[in-house]
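*Asks:* My structure is below; once you've seen it, I'll send some questions.
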Amino acid sequence: MDSVFASVVQAPEDPILGVTVAFNKDPNPIKLNLGVGAYRTEEGKPLVLNVVRKAEQLLVNDQSRVKEYLPILGLAEFNKLSAKLILGDDSPAIQGNRVATAQCLSGTGSLRVGAEFLAKHYHQHTIYIPLPSWGNHLKVFTMAGLSVKTYRYYDPTTRGLDFQGLLEDLGAAPAGAIVLFHACAHNPTGVDPTLEQWEQIRQLIRSKGLLPFFDSAYQGFASGSLDADAQPVRMFVADGGECLIAQSYAKNMGLYGERVGALSIVCKVADVASRVESQLKLVIRPMYSSPPIHGASIAATILKNSDMYDEWKIELKVMADRIISMRKQLYDALSARGTPGDWSHIIKQIGMFTFTGLNRDQVAFMTKEYHIYMTSDGRISMAGLSSKTIPHLTDAVHAAVTRAC
């Protein structure tokens with residue numbers, strides 16, 4: 001007798017995670033994985049921050065700690081500290097009790113909970129995301145019941161921001177539409193608006209009555225400064241308006257597999273925030289009931305202890321600076337090699353990823369001939385590079401670009 005699931009078709013690999021699957025199957029010793037969105041050391045190894053090890057040791061040594069369920073909204077201390085981290089210690093929104101925060105399953109979970117809340121309680125069900133955006137955005141928002149549209153963001157000719165296109169598309173969006181912004185270090189392009197451009201965007205959003213939803217996956221990881229990377233979000237909160245913010249501690253604390261994140265909804269008045277918080281519980285309860293305790297406890301331990309917080313900021317800057325250094329080394333190597341084209345976008349872009357401008361055929365050539373793995377849109381993870389592997393990548397890029405010349 002056939003299985004009742006016999007008609008289930010084989011699903012395609014996730015376009016991002018599938019890169020690692022293909023990489024792992026390749027026996028060639030010179031292979032290089034630039035698809036993974038996770039930090040690597042100069043030796044190509046995953047990194048656990050020293051301050052995270054210390055925090056874990058404190059938690060392990062505390063015999064009073066138990067493994068009871070957290071409340072639906074998670075660890076209260078973690079939620080308060082997370083809101084402070086993104087909004088600032090002196091945020092009037094926090095002081096006025098206008099922020100509803102829920103601990104969620106990293107950035108993806110925070111986006112999903114926010115999207116489910118909006119689908120149930122917000123009058124507009126259309127969300128605009130940048131073109132391009134992180135591959136999972138479309139899936140998360142669609143699965144939650146929102147209708148996804150795009151706004152122009154990246155200009156392939158300049159390999160920079162299509163600011164005029166962005167303003168035109170958001171200017172034409174219907175009143176009340178939701179708009180997804182990458183708070184900093186746009187994934188996959190590494191292209192961010194300037195603060196002056198952010199101010200123009202803010203004015204447009206508020207004048208049109210659009211609702212901003214920030215995805216903050218890289219606070220501190222982009223520039224090396226937690227405050228600088230939070231500036232765009234804080235500009236939107238300072239005007240007294242409303243917004244949603246999804247935070248992840250995967251990159252900036254290296255807590256990838258712990259799934260640590262938070263969703264904050266900034267409201268105009270405290271009693272609305274209280275009601276929003278009550279409804280967030282009703283979204284979360286049938287989804288996963290309550291979040292895990294360990295990762296959030298690590299983050300809270302670091303955020304509340306001034307010495308550990310300072311140590312974290314130093315380690316965070318080391319990671320950010322290594323990525324910035326990889327950008328310069330790759331740009332210098334391509335320039336020295338005389339590889340055709342302008343590669344200055346590599347040092348102008350920011351964060352974990354570079355949108356190289358390589359096309360699908362060139363990417364396939366580099367994978368086949370040089371065993372270098374990346375997403376087909378030409379996005380590479382700068383964190384996966386090292387001084388030792390830059391010459392190999394330079395050879396591959398040069399060969400890919402010149403073979404058709």
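Just so we're on the same page: first chain in the structure tokens is A, next is B, and so on; residues restart at 1 for each chain, and ligands are numbered from 1 in the order they show up.
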Skip Lys31 (chain A) itself and residues of its chain fewer than 5 positions away, then list as a VMD selection string all residues within 8 Å of it, counting only C-alpha atoms.
*Replies:* chain A and resid 23 26 370 to 373
*Asks:* Would you mind listing, for every residue of region 163-239 of chain A within 12 Å of region 70-94 of chain A, the two atoms forming the shortest contact and the distance between them in Å to one decimal, using only C-alpha atoms, sorted by chain and ascending residue number, as a tab-separated table?
*Replies:*
residue	atom	partner	partner_atom	distance
A:Ala183	CA	A:Ile86	CA	10.0
A:Cys184	CA	A:Ile86	CA	11.7
A:Phe214	CA	A:Ile86	CA	10.7
A:Asp215	CA	A:Ile86	CA	11.2
A:Ser216	CA	A:Ile86	CA	8.5
A:Ala217	CA	A:Ile86	CA	11.0
A:Tyr218	CA	A:Ile86	CA	10.9
A:Gln219	CA	A:Ile86	CA	7.9
A:Gly220	CA	A:Ile86	CA	10.1
A:Ser225	CA	A:Leu85	CA	11.6
A:Leu226	CA	A:Leu85	CA	7.8
A:Asp227	CA	A:Gly88	CA	7.7
A:Ala228	CA	A:Ile86	CA	10.3
A:Asp229	CA	A:Ile86	CA	8.8
A:Ala230	CA	A:Ile86	CA	5.8
A:Gln231	CA	A:Leu87	CA	8.6
A:Pro232	CA	A:Leu87	CA	10.1
A:Val233	CA	A:Leu87	CA	7.2
A:Arg234	CA	A:Leu87	CA	5.7
A:Met235	CA	A:Leu87	CA	9.4
A:Phe236	CA	A:Leu87	CA	9.9
A:Val237	CA	A:Ala93	CA	7.2
A:Ala238	CA	A:Pro92	CA	7.6
A:Asp239	CA	A:Ala93	CA	10.0
*Asks:* Save out the residues we just selected, N, CA, C and O atoms, as an mmCIF file, in the first residue's frame.
*Replies:*
data_model
loop_
_atom_site.group_PDB
_atom_site.id
_atom_site.type_symbol
_atom_site.label_atom_id
_atom_site.label_comp_id
_atom_site.auth_asym_id
_atom_site.auth_seq_id
_atom_site.Cartn_x
_atom_site.Cartn_y
_atom_site.Cartn_z
ATOM 1 N N ALA A 183 17.624 47.889 9.255
ATOM 2 C CA ALA A 183 18.081 48.974 10.122
ATOM 3 C C ALA A 183 19.504 49.422 9.789
ATOM 4 O O ALA A 183 19.835 50.603 9.867
ATOM 5 N N CYS A 184 20.357 48.475 9.418
ATOM 6 C CA CYS A 184 21.725 48.773 8.979
ATOM 7 C C CYS A 184 22.267 47.532 8.284
ATOM 8 O O CYS A 184 21.715 46.440 8.437
ATOM 9 N N PHE A 214 11.285 47.659 11.163
ATOM 10 C CA PHE A 214 12.735 47.541 11.030
ATOM 11 C C PHE A 214 13.203 46.125 11.336
ATOM 12 O O PHE A 214 12.804 45.539 12.342
ATOM 13 N N ASP A 215 14.068 45.628 10.473
ATOM 14 C CA ASP A 215 14.750 44.360 10.728
ATOM 15 C C ASP A 215 16.175 44.708 11.135
ATOM 16 O O ASP A 215 16.986 45.135 10.317
ATOM 17 N N SER A 216 16.470 44.552 12.427
ATOM 18 C CA SER A 216 17.787 44.907 12.955
ATOM 19 C C SER A 216 18.568 43.643 13.282
ATOM 20 O O SER A 216 18.513 43.132 14.396
ATOM 21 N N ALA A 217 19.286 43.142 12.284
ATOM 22 C CA ALA A 217 20.028 41.885 12.453
ATOM 23 C C ALA A 217 21.505 42.118 12.733
ATOM 24 O O ALA A 217 22.222 41.179 13.065
ATOM 25 N N TYR A 218 21.968 43.373 12.591
ATOM 26 C CA TYR A 218 23.420 43.601 12.608
ATOM 27 C C TYR A 218 23.838 44.782 13.490
ATOM 28 O O TYR A 218 24.882 45.381 13.229
ATOM 29 N N GLN A 219 23.077 45.113 14.510
ATOM 30 C CA GLN A 219 23.438 46.273 15.335
ATOM 31 C C GLN A 219 24.826 46.086 15.952
ATOM 32 O O GLN A 219 25.078 45.103 16.641
ATOM 33 N N GLY A 220 25.726 47.033 15.689
ATOM 34 C CA GLY A 220 27.097 46.958 16.199
ATOM 35 C C GLY A 220 28.025 46.186 15.291
ATOM 36 O O GLY A 220 29.239 46.355 15.343
ATOM 37 N N SER A 225 29.922 50.154 16.013
ATOM 38 C CA SER A 225 29.310 50.975 17.057
ATOM 39 C C SER A 225 27.833 50.631 17.197
ATOM 40 O O SER A 225 27.060 50.759 16.242
ATOM 41 N N LEU A 226 27.439 50.220 18.400
ATOM 42 C CA LEU A 226 26.038 49.886 18.663
ATOM 43 C C LEU A 226 25.134 51.095 18.455
ATOM 44 O O LEU A 226 24.040 50.978 17.899
ATOM 45 N N ASP A 227 25.581 52.252 18.905
ATOM 46 C CA ASP A 227 24.755 53.461 18.798
ATOM 47 C C ASP A 227 24.648 53.947 17.354
ATOM 48 O O ASP A 227 23.556 54.319 16.902
ATOM 49 N N ALA A 228 25.754 53.940 16.629
ATOM 50 C CA ALA A 228 25.723 54.401 15.232
ATOM 51 C C ALA A 228 24.786 53.535 14.397
ATOM 52 O O ALA A 228 24.006 54.053 13.586
ATOM 53 N N ASP A 229 24.822 52.235 14.611
ATOM 54 C CA ASP A 229 24.002 51.331 13.816
ATOM 55 C C ASP A 229 22.515 51.411 14.181
ATOM 56 O O ASP A 229 21.662 50.960 13.416
ATOM 57 N N ALA A 230 22.216 51.971 15.351
ATOM 58 C CA ALA A 230 20.812 52.111 15.782
ATOM 59 C C ALA A 230 20.222 53.463 15.399
ATOM 60 O O ALA A 230 19.023 53.690 15.591
ATOM 61 N N GLN A 231 21.041 54.368 14.848
ATOM 62 C CA GLN A 231 20.579 55.730 14.556
ATOM 63 C C GLN A 231 19.322 55.800 13.695
ATOM 64 O O GLN A 231 18.404 56.556 14.014
ATOM 65 N N PRO A 232 19.258 55.061 12.588
ATOM 66 C CA PRO A 232 18.041 55.151 11.767
ATOM 67 C C PRO A 232 16.767 54.823 12.552
ATOM 68 O O PRO A 232 15.762 55.530 12.456
ATOM 69 N N VAL A 233 16.812 53.760 13.347
ATOM 70 C CA VAL A 233 15.644 53.376 14.148
ATOM 71 C C VAL A 233 15.298 54.489 15.129
ATOM 72 O O VAL A 233 14.128 54.880 15.266
ATOM 73 N N ARG A 234 16.311 55.007 15.794
ATOM 74 C CA ARG A 234 16.071 56.035 16.818
ATOM 75 C C ARG A 234 15.484 57.310 16.217
ATOM 76 O O ARG A 234 14.713 58.016 16.884
ATOM 77 N N MET A 235 15.837 57.621 14.969
ATOM 78 C CA MET A 235 15.259 58.791 14.300
ATOM 79 C C MET A 235 13.744 58.638 14.172
ATOM 80 O O MET A 235 12.995 59.597 14.355
ATOM 81 N N PHE A 236 13.304 57.421 13.848
ATOM 82 C CA PHE A 236 11.876 57.183 13.663
ATOM 83 C C PHE A 236 11.119 57.146 14.989
ATOM 84 O O PHE A 236 9.928 57.408 15.026
ATOM 85 N N VAL A 237 11.816 56.793 16.067
ATOM 86 C CA VAL A 237 11.169 56.733 17.381
ATOM 87 C C VAL A 237 11.128 58.132 18.015
ATOM 88 O O VAL A 237 10.183 58.479 18.717
ATOM 89 N N ALA A 238 12.133 58.950 17.700
ATOM 90 C CA ALA A 238 12.235 60.296 18.287
ATOM 91 C C ALA A 238 11.080 61.198 17.863
ATOM 92 O O ALA A 238 10.745 62.156 18.565
ATOM 93 N N ASP A 239 10.449 60.913 16.724
ATOM 94 C CA ASP A 239 9.370 61.795 16.267
ATOM 95 C C ASP A 239 8.022 61.461 16.913
ATOM 96 O O ASP A 239 7.002 62.077 16.609
#
*Asks:* Which residue is closest to Asn187 (chain A)? Choose from A:Met352, A:Ile265, A:Leu204, A:Ile127 and count only C-alpha atoms.
*Replies:*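 Between A:Met352, A:Ile265, A:Leu204, A:Ile127, the residue approaching Asn187 (chain A) most closely is A:Met352.
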*Asks:* Quote the spacing between CA of Trp343 (chain A) and CA of Leu131 (chain A) in Å to one decimal place.
*Replies:*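 These atoms are spaced 21.4 Å apart.
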*Asks:* Which residues, written as a ChimeraX atom specification, have at least one atom at most 10 Å from region 40-42 of chain A, with only C-alpha atoms counted and residues fewer than 2 positions away on the same chain left out?
*Replies:* /A:36-38,44-48,319,322-323,326,381-389
*Asks:* Quick one: write out the picked residues with N, CA, C and O atoms as a tab-separated table (two decimals), in the first residue's frame?
*Replies:*
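Heads up, here's the output in selection-v4.tsv:
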chain	number	residue	atom	x	y	z
A	36	VAL	N	27.52	31.39	3.59
A	36	VAL	CA	26.97	31.33	4.95
A	36	VAL	C	26.97	32.71	5.63
A	36	VAL	O	27.95	33.45	5.56
A	37	GLY	N	25.84	33.04	6.25
A	37	GLY	CA	25.73	34.33	6.95
A	37	GLY	C	26.15	34.22	8.40
A	37	GLY	O	25.38	34.51	9.31
A	38	ALA	N	27.37	33.78	8.62
A	38	ALA	CA	27.88	33.63	9.98
A	38	ALA	C	29.35	34.04	10.00
A	38	ALA	O	30.08	33.82	9.03
A	44	GLY	N	39.12	30.74	9.57
A	44	GLY	CA	37.94	30.14	8.96
A	44	GLY	C	37.08	29.35	9.93
A	44	GLY	O	36.26	28.54	9.52
A	45	LYS	N	37.26	29.60	11.22
A	45	LYS	CA	36.53	28.84	12.24
A	45	LYS	C	35.38	29.67	12.82
A	45	LYS	O	35.48	30.89	12.92
A	46	PRO	N	34.29	29.00	13.25
A	46	PRO	CA	33.23	29.71	14.00
A	46	PRO	C	33.81	30.29	15.30
A	46	PRO	O	34.77	29.75	15.84
A	47	LEU	N	33.22	31.39	15.76
A	47	LEU	CA	33.74	32.07	16.95
A	47	LEU	C	32.68	32.11	18.05
A	47	LEU	O	31.55	32.53	17.80
A	48	VAL	N	33.06	31.69	19.25
A	48	VAL	CA	32.25	31.95	20.44
A	48	VAL	C	32.96	33.06	21.20
A	48	VAL	O	34.14	32.93	21.55
A	319	MET	N	35.25	42.07	15.48
A	319	MET	CA	34.60	41.36	14.37
A	319	MET	C	34.28	42.32	13.22
A	319	MET	O	34.55	42.01	12.06
A	322	ARG	N	37.44	43.36	11.39
A	322	ARG	CA	38.02	42.31	10.54
A	322	ARG	C	37.28	42.27	9.20
A	322	ARG	O	37.90	42.13	8.14
A	323	ILE	N	35.98	42.43	9.24
A	323	ILE	CA	35.19	42.43	7.99
A	323	ILE	C	35.55	43.64	7.13
A	323	ILE	O	35.72	43.53	5.91
A	326	MET	N	38.78	42.91	5.49
A	326	MET	CA	38.63	41.98	4.37
A	326	MET	C	38.16	42.73	3.12
A	326	MET	O	38.57	42.42	2.00
A	381	SER	N	29.76	36.49	1.55
A	381	SER	CA	29.93	36.81	2.96
A	381	SER	C	31.38	37.20	3.20
A	381	SER	O	32.29	36.37	3.08
A	382	MET	N	31.61	38.46	3.53
A	382	MET	CA	32.97	38.93	3.80
A	382	MET	C	33.54	38.24	5.03
A	382	MET	O	34.75	38.09	5.15
A	383	ALA	N	32.66	37.81	5.93
A	383	ALA	CA	33.11	37.14	7.16
A	383	ALA	C	33.69	35.76	6.87
A	383	ALA	O	34.40	35.19	7.69
A	384	GLY	N	33.39	35.22	5.68
A	384	GLY	CA	33.94	33.91	5.32
A	384	GLY	C	35.31	33.99	4.68
A	384	GLY	O	35.92	32.97	4.39
A	385	LEU	N	35.79	35.23	4.47
A	385	LEU	CA	37.10	35.42	3.84
A	385	LEU	C	38.20	35.56	4.87
A	385	LEU	O	37.96	35.91	6.03
A	386	SER	N	39.43	35.31	4.43
A	386	SER	CA	40.60	35.56	5.27
A	386	SER	C	41.74	36.03	4.38
A	386	SER	O	41.65	35.95	3.15
A	387	SER	N	42.81	36.51	4.99
A	387	SER	CA	43.97	36.95	4.21
A	387	SER	C	44.50	35.80	3.34
A	387	SER	O	45.02	36.03	2.24
A	388	LYS	N	44.35	34.57	3.83
A	388	LYS	CA	44.86	33.39	3.09
A	388	LYS	C	43.99	33.07	1.87
A	388	LYS	O	44.49	32.55	0.87
A	389	THR	N	42.68	33.34	1.95
A	389	THR	CA	41.78	32.92	0.86
A	389	THR	C	41.50	34.04	-0.14
A	389	THR	O	40.96	33.76	-1.22
*Asks:* Any idea what the distance is between CA of Trp134 (chain A) and CA of Arg360 (chain A)?
*Replies:*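 Separating CA of Trp134 (chain A) from CA of Arg360 (chain A) is a distance of 17.4 Å.
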*Asks:* So which bits of region 228-275 of chain A end up helix (DSSP H, G or I) when you DSSP the backbone, as a list of chain:residue names?
*Replies:*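 So, restricting region 228-275 of chain A to helix (DSSP H, G or I), we get A:Ala228, A:Asp229, A:Ala230, A:Gln231, A:Pro232, A:Val233, A:Arg234, A:Met235, A:Phe236, A:Val237, A:Ala238, A:Tyr256, A:Gly257, A:Glu258, A:Ala270, A:Asp271, A:Val272, A:Ala273, A:Ser274, A:Arg275.
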*Asks:* Select, from A:Thr375, A:Thr126, A:Thr142, A:Thr101, the residue with the minimum atom-to-atom distance to Leu244 (chain A), counting only C-alpha atoms.
*Replies:*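 Distance minimum relative to Leu244 (chain A) lands on A:Thr101.
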*Asks:* Given only C-alpha atoms as the basis, pick out the residue of A:Ile314, A:Ala336, A:Leu161, A:Val21 nearest to Val51 (chain A).
*Replies:*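 Among A:Ile314, A:Ala336, A:Leu161, A:Val21, it is A:Ile314 that comes nearest to Val51 (chain A).
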*Asks:* Which one is closest to Pro391 (chain A): A:Ala222, A:Leu330, A:Ile346, A:Ala185? Count only C-alpha atoms.
*Replies:*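 Smallest separation from Pro391 (chain A) among the options: A:Leu330.
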*Asks:* Find the residue from A:Asp155, A:Asp321, A:Glu311, A:Asp2 that sits nearest to His345 (chain A); use only C-alpha atoms when measuring.
*Replies:*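 Smallest distance to His345 (chain A) is found for A:Asp155.
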*Asks:* Which distance in Å separates CA of Gly224 (chain A) and CA of Pro188 (chain A), to one decimal?
*Replies:* 18.7 Å
*Asks:* Nearest to Leu180 (chain A): which of A:Ala6, A:Leu195, A:Leu210, A:Ile16 is it, counting only C-alpha atoms?
*Replies:*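 So, comparing all the options, the nearest one is A:Leu210.
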*Asks:* Let's see if you can do this: from backbone DSSP, list all strand (DSSP E or B) residues in region 119-322 of chain A, as a ChimeraX atom specification.
*Replies:* /A:126-131,147-152,154-155,160-161,178-182,211-216,243-248,260-266
*Asks:* Find the residues near Val272 (chain A): any atom within 10 Å, counting only C-alpha atoms, skip ones fewer than 3 places away on the same chain, and give them as a PyMOL selection string.
*Replies:* chain A and resi 97-100+266-269+275-278
